[in-house]
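Input: a single structure, listed below in structure tokens.
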Amino acid sequence: MLDIKTMGPRNLAFVLSEQEGNGEISREVVTILSGAGKLDPGSVLGQVTASKKYILSPNAQVVGKEGAETASAILAYEVDATSADAEAVVIKRIAAVKKPMLIFDATVNDDTKKAAKLAQLAAVDIIAR
């Protein structure tokens, strides 16, 4: 019997284009907050104001994670922040990305909420197509 496997999101597969410059213009190294779990490439992130660490960007403000409700980056490579903070590379600015390949927090569960996240990304020059 064949063993069928499904390939998950691949690193940087969501990127259509990014600003060159030895990977130093569009990309940035950030810290993913412990407890965020395993995150796949293409995850839409927001920054927690108090800690400056990133989590999946929720639809609305979450107590203790204020600020993260504003999407401001997209995870470039898979990361596991289940039990400890983890360093990660993100697309932070000046890029075009594939809209169908983006991964949203579970609370971003309809087209209106997704459109709001895409508008927030556009404000930092990340354009979804």
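Within each chain, counting starts at residue 1; across the structure tokens, chains are named A, B, ... in the order shown, with ligands numbered 1 upward in that order.
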
Going by DSSP on the backbone, which residues of chain A come out as helix (DSSP H, G or I)? List them as a PyMOL selection string. chain A and resi 99-101+111-122

Next, dump the selected residues to file, keeping only N, CA and C atoms, as a PDB file, in the first residue's frame.
ATOM      1  N   LYS A  99      -1.644  35.904  -2.068  1.00  0.00           N
ATOM      2  CA  LYS A  99      -2.762  35.924  -1.117  1.00  0.00           C
ATOM      3  C   LYS A  99      -3.255  34.528  -0.728  1.00  0.00           C
ATOM      4  N   PRO A 100      -3.420  33.596  -1.664  1.00  0.00           N
ATOM      5  CA  PRO A 100      -3.954  32.282  -1.273  1.00  0.00           C
ATOM      6  C   PRO A 100      -3.018  31.470  -0.377  1.00  0.00           C
ATOM      7  N   MET A 101      -1.754  31.860  -0.301  1.00  0.00           N
ATOM      8  CA  MET A 101      -0.789  31.098   0.487  1.00  0.00           C
ATOM      9  C   MET A 101      -0.585  31.660   1.896  1.00  0.00           C
ATOM     10  N   ASP A 111     -13.946  36.772   4.926  1.00  0.00           N
ATOM     11  CA  ASP A 111     -13.300  37.621   3.921  1.00  0.00           C
ATOM     12  C   ASP A 111     -13.102  39.056   4.400  1.00  0.00           C
ATOM     13  N   THR A 112     -14.020  39.573   5.184  1.00  0.00           N
ATOM     14  CA  THR A 112     -13.906  40.943   5.694  1.00  0.00           C
ATOM     15  C   THR A 112     -12.705  41.074   6.627  1.00  0.00           C
ATOM     16  N   LYS A 113     -12.540  40.117   7.512  1.00  0.00           N
ATOM     17  CA  LYS A 113     -11.415  40.140   8.452  1.00  0.00           C
ATOM     18  C   LYS A 113     -10.093  39.941   7.724  1.00  0.00           C
ATOM     19  N   LYS A 114     -10.080  39.074   6.724  1.00  0.00           N
ATOM     20  CA  LYS A 114      -8.862  38.856   5.935  1.00  0.00           C
ATOM     21  C   LYS A 114      -8.506  40.117   5.155  1.00  0.00           C
ATOM     22  N   ALA A 115      -9.512  40.793   4.604  1.00  0.00           N
ATOM     23  CA  ALA A 115      -9.270  42.037   3.874  1.00  0.00           C
ATOM     24  C   ALA A 115      -8.663  43.092   4.794  1.00  0.00           C
ATOM     25  N   ALA A 116      -9.106  43.130   6.044  1.00  0.00           N
ATOM     26  CA  ALA A 116      -8.546  44.085   7.015  1.00  0.00           C
ATOM     27  C   ALA A 116      -7.074  43.778   7.269  1.00  0.00           C
ATOM     28  N   LYS A 117      -6.730  42.500   7.395  1.00  0.00           N
ATOM     29  CA  LYS A 117      -5.324  42.106   7.610  1.00  0.00           C
ATOM     30  C   LYS A 117      -4.477  42.476   6.395  1.00  0.00           C
ATOM     31  N   LEU A 118      -5.019  42.256   5.201  1.00  0.00           N
ATOM     32  CA  LEU A 118      -4.282  42.593   3.990  1.00  0.00           C
ATOM     33  C   LEU A 118      -4.061  44.100   3.885  1.00  0.00           C
ATOM     34  N   ALA A 119      -5.028  44.887   4.327  1.00  0.00           N
ATOM     35  CA  ALA A 119      -4.874  46.346   4.340  1.00  0.00           C
ATOM     36  C   ALA A 119      -3.789  46.759   5.334  1.00  0.00           C
ATOM     37  N   GLN A 120      -3.735  46.082   6.479  1.00  0.00           N
ATOM     38  CA  GLN A 120      -2.693  46.376   7.468  1.00  0.00           C
ATOM     39  C   GLN A 120      -1.311  46.042   6.906  1.00  0.00           C
ATOM     40  N   LEU A 121      -1.212  44.932   6.184  1.00  0.00           N
ATOM     41  CA  LEU A 121       0.065  44.580   5.549  1.00  0.00           C
ATOM     42  C   LEU A 121       0.437  45.603   4.473  1.00  0.00           C
ATOM     43  N   ALA A 122      -0.552  46.050   3.721  1.00  0.00           N
ATOM     44  CA  ALA A 122      -0.296  47.047   2.680  1.00  0.00           C
ATOM     45  C   ALA A 122       0.261  48.334   3.276  1.00  0.00           C
TER      46      ALA A 122
END

Within 10 Å of segment 59-62 of chain A, counting only C-alpha atoms, which residues show up once you throw out same-chain ones fewer than 2 positions away? Write them as a PyMOL selection string, please. chain A and resi 48+56-57+64-71+104-109+113-114+116-117

Print the selection's residues with all heavy atoms to a file, as a short mmCIF file (atom, residue, chain, number, x, y, z; two decimals), in the first residue's frame.
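Just written: result32.cif:
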data_model
loop_
_atom_site.label_atom_id
_atom_site.label_comp_id
_atom_site.auth_asym_id
_atom_site.auth_seq_id
_atom_site.Cartn_x
_atom_site.Cartn_y
_atom_site.Cartn_z
N VAL A 48 3.49 42.22 19.56
CA VAL A 48 2.98 42.56 20.88
C VAL A 48 3.73 43.82 21.34
O VAL A 48 4.96 43.82 21.40
CB VAL A 48 3.18 41.40 21.88
CG1 VAL A 48 2.70 41.79 23.26
CG2 VAL A 48 2.48 40.14 21.38
N LEU A 56 0.78 35.12 15.82
CA LEU A 56 -0.23 35.23 14.77
C LEU A 56 -1.11 36.43 15.08
O LEU A 56 -1.49 36.64 16.23
CB LEU A 56 -1.09 33.97 14.72
CG LEU A 56 -0.53 32.77 13.96
CD1 LEU A 56 -1.41 31.55 14.20
CD2 LEU A 56 -0.41 33.07 12.49
N SER A 57 -1.40 37.22 14.08
CA SER A 57 -2.17 38.45 14.29
C SER A 57 -3.66 38.13 14.44
O SER A 57 -4.32 37.75 13.47
CB SER A 57 -1.95 39.40 13.11
OG SER A 57 -2.63 40.61 13.32
N GLY A 64 -3.12 41.31 27.20
CA GLY A 64 -1.75 40.82 27.39
C GLY A 64 -0.97 40.71 26.10
O GLY A 64 0.24 40.52 26.12
N LYS A 65 -1.67 40.83 24.97
CA LYS A 65 -1.01 40.74 23.66
C LYS A 65 -1.40 41.93 22.79
O LYS A 65 -1.46 41.84 21.57
CB LYS A 65 -1.35 39.42 22.98
CG LYS A 65 -0.84 38.23 23.77
CD LYS A 65 -1.19 36.92 23.13
CE LYS A 65 -0.66 35.77 23.99
NZ LYS A 65 -1.08 34.47 23.48
N GLU A 66 -1.64 43.06 23.43
CA GLU A 66 -2.06 44.26 22.74
C GLU A 66 -1.04 44.65 21.68
O GLU A 66 0.16 44.54 21.89
CB GLU A 66 -2.25 45.43 23.72
CG GLU A 66 -3.42 45.27 24.65
CD GLU A 66 -3.11 44.49 25.93
OE1 GLU A 66 -1.99 43.97 26.07
OE2 GLU A 66 -4.01 44.41 26.78
N GLY A 67 -1.52 45.10 20.55
CA GLY A 67 -0.68 45.51 19.43
C GLY A 67 -0.61 44.45 18.34
O GLY A 67 -0.49 44.77 17.17
N ALA A 68 -0.68 43.19 18.74
CA ALA A 68 -0.57 42.10 17.76
C ALA A 68 -1.76 42.04 16.82
O ALA A 68 -1.69 41.40 15.76
CB ALA A 68 -0.39 40.76 18.48
N GLU A 69 -2.84 42.72 17.14
CA GLU A 69 -4.02 42.71 16.27
C GLU A 69 -3.77 43.46 14.96
O GLU A 69 -4.56 43.35 14.03
CB GLU A 69 -5.25 43.27 17.00
CG GLU A 69 -5.20 44.73 17.30
CD GLU A 69 -4.45 45.10 18.58
OE1 GLU A 69 -3.90 44.21 19.25
OE2 GLU A 69 -4.40 46.31 18.90
N THR A 70 -2.67 44.19 14.89
CA THR A 70 -2.30 44.87 13.65
C THR A 70 -1.24 44.03 12.94
O THR A 70 -0.13 43.87 13.44
CB THR A 70 -1.73 46.27 13.94
OG1 THR A 70 -2.72 47.03 14.64
CG2 THR A 70 -1.36 46.98 12.65
N ALA A 71 -1.60 43.47 11.80
CA ALA A 71 -0.67 42.65 11.03
C ALA A 71 0.48 43.51 10.52
O ALA A 71 0.25 44.60 9.99
CB ALA A 71 -1.39 41.98 9.87
N PHE A 104 -3.73 32.74 8.32
CA PHE A 104 -4.25 33.70 9.29
C PHE A 104 -4.56 33.01 10.61
O PHE A 104 -4.84 31.81 10.65
CB PHE A 104 -5.52 34.36 8.74
CG PHE A 104 -5.29 35.16 7.50
CD1 PHE A 104 -5.46 34.60 6.24
CD2 PHE A 104 -4.91 36.49 7.59
CE1 PHE A 104 -5.25 35.35 5.09
CE2 PHE A 104 -4.70 37.25 6.45
CZ PHE A 104 -4.86 36.68 5.19
N ASP A 105 -4.58 33.80 11.68
CA ASP A 105 -5.04 33.32 12.98
C ASP A 105 -6.47 32.81 12.84
O ASP A 105 -7.24 33.28 11.99
CB ASP A 105 -4.99 34.49 13.98
CG ASP A 105 -5.37 34.08 15.38
OD1 ASP A 105 -4.54 33.45 16.06
OD2 ASP A 105 -6.52 34.39 15.78
N ALA A 106 -6.84 31.85 13.67
CA ALA A 106 -8.19 31.25 13.60
C ALA A 106 -9.30 32.29 13.76
O ALA A 106 -10.41 32.08 13.26
CB ALA A 106 -8.33 30.17 14.67
N THR A 107 -9.03 33.41 14.43
CA THR A 107 -10.05 34.44 14.62
C THR A 107 -10.27 35.28 13.37
O THR A 107 -11.23 36.04 13.29
CB THR A 107 -9.70 35.36 15.80
OG1 THR A 107 -8.45 36.02 15.52
CG2 THR A 107 -9.59 34.58 17.10
N VAL A 108 -9.38 35.17 12.41
CA VAL A 108 -9.51 35.89 11.13
C VAL A 108 -10.19 34.90 10.18
O VAL A 108 -9.56 34.26 9.36
CB VAL A 108 -8.14 36.35 10.61
CG1 VAL A 108 -8.28 37.14 9.32
CG2 VAL A 108 -7.43 37.19 11.67
N ASN A 109 -11.52 34.80 10.34
CA ASN A 109 -12.25 33.67 9.76
C ASN A 109 -13.28 34.03 8.70
O ASN A 109 -14.16 33.24 8.40
CB ASN A 109 -12.92 32.88 10.88
CG ASN A 109 -13.77 33.75 11.78
OD1 ASN A 109 -14.04 34.89 11.46
ND2 ASN A 109 -14.17 33.21 12.91
N LYS A 113 -12.54 40.12 7.51
CA LYS A 113 -11.42 40.14 8.45
C LYS A 113 -10.09 39.94 7.72
O LYS A 113 -9.09 40.58 8.06
CB LYS A 113 -11.60 39.07 9.53
CG LYS A 113 -12.79 39.36 10.45
CD LYS A 113 -13.07 38.21 11.38
CE LYS A 113 -14.31 38.45 12.23
NZ LYS A 113 -14.65 37.29 13.05
N LYS A 114 -10.08 39.07 6.72
CA LYS A 114 -8.86 38.86 5.93
C LYS A 114 -8.51 40.12 5.16
O LYS A 114 -7.34 40.49 5.08
CB LYS A 114 -9.03 37.66 5.00
CG LYS A 114 -9.04 36.34 5.75
CD LYS A 114 -9.28 35.17 4.84
CE LYS A 114 -9.36 33.89 5.66
NZ LYS A 114 -9.66 32.71 4.85
N ALA A 116 -9.11 43.13 6.04
CA ALA A 116 -8.55 44.08 7.02
C ALA A 116 -7.07 43.78 7.27
O ALA A 116 -6.24 44.69 7.34
CB ALA A 116 -9.33 44.04 8.31
N LYS A 117 -6.73 42.50 7.40
CA LYS A 117 -5.32 42.11 7.61
C LYS A 117 -4.48 42.48 6.40
O LYS A 117 -3.35 42.96 6.53
CB LYS A 117 -5.20 40.60 7.89
CG LYS A 117 -5.79 40.18 9.21
CD LYS A 117 -5.03 40.79 10.35
CE LYS A 117 -5.77 40.56 11.66
NZ LYS A 117 -5.34 41.46 12.71
#

Skip Thr31 of chain A itself and residues of its chain fewer than 3 positions away, then list as a PyMOL selection string all residues within 8 Å of it, counting only C-alpha atoms. chain A and resi 52-54+85-88

Using only C-alpha atoms, which residues sit within 7 Å of Val15 of chain A once same-chain residues fewer than 3 positions away are excluded, as a PyMOL selection string? chain A and resi 12+96-98

Using only C-alpha atoms for the distances, tell me which of A:Ala13, A:Asp125, A:Val90, A:Val63 is nearest to Ile32 of chain A. A:Val90

Write out as a PyMOL selection string which residues come within 7 Å of segment 33-41 of chain A when counting only C-alpha atoms, dropping same-chain ones fewer than 5 positions away. chain A and resi 9-12+53-55+75-86

Would you put the residues from that selection into a file with C-alpha atoms, as a compact mmCIF listing (two decimals), in the first residue's frame?
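Result written to again10.txt:
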# COMPACT_ATOMS: atom_id res chain seq x y z
CA PRO A 9 3.62 25.24 3.25
CA ARG A 10 7.17 25.65 1.93
CA ASN A 11 9.64 28.27 3.06
CA LEU A 12 9.17 31.55 1.16
CA LYS A 53 7.71 39.82 20.13
CA TYR A 54 5.48 38.43 17.38
CA ILE A 55 2.45 36.10 17.32
CA LEU A 75 6.77 34.47 8.59
CA ALA A 76 9.36 33.34 6.01
CA TYR A 77 10.43 29.99 7.48
CA GLU A 78 8.74 27.42 9.73
CA VAL A 79 9.35 27.99 13.43
CA ASP A 80 8.45 26.22 16.67
CA ALA A 81 7.75 28.59 19.56
CA THR A 82 5.67 26.10 21.53
CA SER A 83 7.70 26.14 24.75
CA ALA A 84 10.27 28.90 24.26
CA ASP A 85 10.76 32.13 22.34
CA ALA A 86 12.19 31.49 18.88

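Candidate residues A:Met7, A:Asp110, A:Ile94, A:Val29 were compared for distance to Ile126 of chain A, and the nearest is A:Ile94, using only C-alpha atoms.
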
Among chain A, which ones does DSSP assign to strand (DSSP E) (computed from the backbone)? Answer as a PyMOL selection string. chain A and resi 15-18+27-32+37-39+44-47+54-56+71-75+79-81+86-91+95-97+126-128

Taking into account only C-alpha atoms, which residue in the set A:Phe14, A:Val89, A:Ala128, A:Pro58 is nearest to Gly46 of chain A? A:Pro58

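The spacing separating atom CA of Ala123 of chain A from atom CA of Glu20 of chain A amounts to 19.6 Å.
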